[in-house]
Each structure stands twice: as structure tokens, then as C-alpha cells.
Amino acid sequence: MTNSNKLKIFNDPIYGFIRIPSTLIFNLIEEPYFQRLRRISQMGLSYLVYPGAHHTRFHHALGCMHLMQHAIQVLRFKGIEITKEEEEGLLVAILLHDIGHGPFSHAMENSIAEGISHEEISLLFMKELNHKFNGSLTLAIAIFKGDYHKNFFHQLMSSQLDMDRMDYLKRDSFYTGVAEGSINAERLISMLNVVDNELVVEEKGIYSVEKFLMARRFMYWQVYLHKTGLAAEQLLIRILKRAKELLIQGQRLDCSGPLLYFMENKVDMEGFTAKNLHQFSQLDDSDILSALKQWQHHEDFVLSKLSGMIIHRRLLTIKLKNKPIGPKKMQEQFDKIKKNWGLSDHETTYFVFNGEITNRAYNIDKQNINILRKDGKLKDVAKASDHLNLKTLSKKVTKYYICYPKESV
């Protein structure tokens with residue numbers, strides 16, 4: 001194990017110089033498991049809508065670590081005790097929080113390994129690294145799981161106002177060019193405090209929290225749940241589903257070994273062994289893109305057509321509505337494509353389908369964002385704010401979509 005700490009800073013387009021604070025963190029960044037994040041797109045297929053959105057999970061992980069360093073500094077200044085060991089634990093936990101993401105981030109969650117979240121895979125990677133680093137990650141794992149007695153540590157990493165959200169809003173708005181999603185993370189962090197082991201925001205930071213929640217809502221509807229990106233993600237999910245179907249039928253598919261392994265073997269949480277983890281660590285965006293490039297020439301009409309749609313960005317038409325799509329409209333499109341393309345009912349389901357998306361910018365049922373008033377009392381931000389929109393932001397919004405091919409596709 002190398003103890004060198006040659007590379008002490010990264011130059012980040014958002015924050016400028018990001019300092020690597022310790023040899024352990026330097027060595028973790030050098031690990032192949034972590035370097036793989038350079039090949040995982042932060043925003044999945046959003047670059048098909050926003051051409052600049054090519055940044056990676058690697059960028060994001062370093063940005064989160066940088067914000068965590070700032071938060072630790074602010075809280076210490078306010079008299080909150082955070083030891084040197086705890087500091088390193090927090091930084092390691094946030095650095096590795098997304099290490100379990102598969103190709104194209106959220107777009108393919110549950111498509112490669114079924115029924116397993118990226119957080120669960122992140123934990124498996126952390127345990128593996130902990131073994132390699134002789135137990136140095138034990139505290140970080142406890143913080144990541146929310147088992148550590150200082151509850152606000154976990155909140156800094158995973159809550160409705162955590163370093164993860166602050167970085168991805170700032171970073172994603174920068175790379176997409178969607179200015180409305182930009183937030184002042186430094187200002188928000190400088191307003192943090194701790195009361196009764198819980199993370200709170202001082203009263204004078206209330207407008208920054210409002211701006212943060214509004215920015216989050218805007219980014220979800222404008223960017224993360226953009227209908228074109230949604231159509232592309234749905235295509236990708238269906239491509240993998242069709243590929244698995246063809247393999248079961250005994251057809252040959254050309255793709256990388258690790259991708260083939262996960263398509264031929266149904267791997268669930270119980271069966272996620274060290275061998276499976278190693279196979280998963282070999283997967284990144286390039287495996288999927290390379291497979292799509294080959295599959296667009298496959299003899300199976302469904303697989304080749306779907307793959308070509310993503311490669312050449314000839315995506316399905318998608319209509320987004322506030323009410324569920326009527327069965328008549330669905331049947332109309334279904335019959336038309338089935339007849340025009342000479343498909344079976346089953347094959348047509350790959351091209352004509354519907355679904356729903358939901359979002360809530362502020363979830364009052366989850367861990368609240370509490371405002372620390374000048375009199376020392378705590379109040380939920382939705383109640384403390386004089387901004388009428390905040391109550392609206394805590395309501396769940398559901399939209400319904402239908403996808404079907406353009407006539408010329």
C-alpha cells in the first residue's frame with residue numbers, strides 16, 4: 001500500500017481547487033473501484049437533451065467531499081465537537097456514497113442487478129475496501145449506515161439538505177446550463193448548526209433553504225424528469241430486458257463479459273458475492289454503448305430497432321399529461337404500430353407503453369429541515385417560511401406519460 005500523497009489538489013470547474021486531506025483518502029481515490037466512477041455518467045442519458053451533461057460520478061464524489069470539508073469547518077467554528085477520526089470517517093463516507101452506481105447511474109438501476117439499490121452495492125464496495133485497508137473504513141461505514149451515535153453525521157451525508165444534494169444541484173445546473181437550478185451551497189453550509197444531535201439551519205438561512213427547494217423542484221421537472229430523457233431511459237431499460245429474453249431463447253449476443261454475466265445470471269442481494277462484486281466493478285457506460293452499437297445490427301427486429309433509436313437519437317414520441325392516459329389512446333397507438341411494423345402483441349409492448357412519474361421537492365414525512373429560531377425553538381421550514389410555495393412543494397406531484405414511435409422512425 002502506497003503512502004505517497006503526491007496529488008494534493010484537484011482543479012474543479014465548480015469550486016476551484018479541491019484539497020485531498022489525507023493519505024487514506026488519496027489511496028481510496030486511486031483504487032480501481034473508485035476510478036471506475038470516471039466512466040459512469042452522473043446524469044445518465046440527459047446529454048441527449050442537454051449536450052453539456054457529460055460529467056461523471058467521479059466529479060460529483062469529489063465535490064461532495066469538498067462540501068463536507070466546508071461543513072465540518074463551519075460546525076467546529078460553532079463549537080460542535082468533531083474529532084480528527086470522525087472528520088476522516090465523514091469524508092470517506094461521502095466520498096464513497098455513490099461508488100455502487102452502475103452504468104448510466106439511475107437509468108439502469110435494477111436492470112443490471114435486479115432489486116438491489118446502488119446504496120446497497122456502495123456498502124458492499126465499502127466493506128470490501130475496509131477489508132483491504134485493515135479496518136480503516138469502519139467508522140465511515142457506521143456513518144453511512146446511520147449507525148453512528150452522532151445522528152447529524154448521517155444527516156450531513158443523507159437527508160433533505162445534505163452535501164450530496166447540494167453538489168449535484170450546483171454541478172448539474174452548471175453542466176446543463178440550466179441556471180435556475182444553481183444554488184449557493186457555501187451560504188447554505190455556513191448557516192448549518194446542530195441542536196440535540198440533529199442538523200438544523202439558523203433562521204437567517206431560511207431564504208437560502210427556500211431557494212434550494214425551489215431549485216430542486218425546477219431541476220427535477222426541467223432536467224431529471226425531462227420527458228425526452230425519460231423516453232431514452234425507458235428505451236435503455238427495454239433494450240436490456242429484450243437482450244435477456246433473447247439469451248433465454250438461446251440466441252447469441254455480442255457484448256462484454258461482465259455485461260453478459262449479469263444478463264445470463266439473475267443476481268439478487270442474497271447472491272451478491274465477492275465474485276459478483278468484482279464483475280459489477282468491471283461495468284461502466286462503455287459496456288452499454290458498445291453493446292448498443294453492435295445490437296443495432298442484430299437480426300432481432302426489436303433489439304436492433306431499440307438500440308438504433310438510442311445510438312442515433314431517434315427516440316420515441318413521449319406525451320406527458322396531468323391525468324392518466326386513457327385506454328382508447330393506448331390501444332389506438334398499439335394497433336397502429338403492430339399493424340404497420342408487422343409485430344406480435346408482445347413485441348409491440350416494447351414500442352408502445354405508458355407509465356407515471358412522481359416528484360416531491362420537500363418531503364414532510366421524511367427527516368424535516370428544521371429552522372433554528374432566535375429564541376432557540378425549532379420549526380419545520382414549511383411552517384417557518386412565509387413563502388406560500390413551500391407548502392405546495394411538499395405535495396406529491398404525479399404526471400403520466402405515453403411513449404410510441406414517430407411515424408418516420
# chains A, B, ... in the order shown; residues from 1 in each chain; ligands from 1
call {"tool": "select_by_dssp", "arguments": {"residues": "segment 248-310 of chain A", "states": "helix (DSSP H, G or I)", "output": "NGL selection string"}}
result
:A and (248 or 257-264 or 274-281 or 285-295 or 301-310)
call {"tool": "residues_around", "arguments": {"residues": "segment 313-329 of chain A", "least_positions_apart": "6", "cutoff": "6 Å", "atoms": "only C-alpha atoms", "output": "PyMOL selection string"}}
result
chain A and resi 399-406
call {"tool": "select_by_dssp", "arguments": {"residues": "segment 186-407 of chain A", "states": "strand (DSSP E or B)", "output": "PyMOL selection string"}}
result
chain A and resi 192-195+198-202+317-321+353-359+370-372+378-380+397-404
call {"tool": "residues_around", "arguments": {"residues": "Leu62 of chain A", "least_positions_apart": "6", "cutoff": "9 Å", "atoms": "only C-alpha atoms", "output": "VMD selection string"}}
result
chain A and resid 10 12 18 94 to 95
call {"tool": "closest_residue", "arguments": {"among": "A:Val397, A:Leu247, A:Ala231, A:Ile116", "to": "Met263 of chain A", "atoms": "only C-alpha atoms"}}
result
A:Leu247
call {"tool": "closest_residue", "arguments": {"among": "A:Ser385, A:Gln234, A:Asn354, A:Gln42", "to": "Phe104 of chain A", "atoms": "only C-alpha atoms"}}
result
A:Gln42
call {"tool": "atom_distance", "arguments": {"atom1": "atom CA of Lys305 of chain A", "atom2": "atom CA of Leu343 of chain A"}}
result
12.4 Å
call {"tool": "residues_around", "arguments": {"residues": "Lys336 of chain A", "least_positions_apart": "4", "cutoff": "10 Å", "atoms": "only C-alpha atoms", "output": "VMD selection string"}}
result
chain A and resid 331 to 332 340 to 342 348 352 404 407
call {"tool": "closest_residue", "arguments": {"among": "A:His106, A:Arg238, A:Lys145, A:Arg38", "to": "Tyr224 of chain A", "atoms": "only C-alpha atoms"}}
result
A:His106
call {"tool": "closest_residue", "arguments": {"among": "A:Lys396, A:His131, A:Lys383, A:Arg216", "to": "Lys170 of chain A", "atoms": "only C-alpha atoms"}}
result
A:Arg216
call {"tool": "closest_residue", "arguments": {"among": "A:Gln155, A:Thr349, A:Ser117, A:Gln294", "to": "Cys255 of chain A", "atoms": "only C-alpha atoms"}}
result
A:Gln294
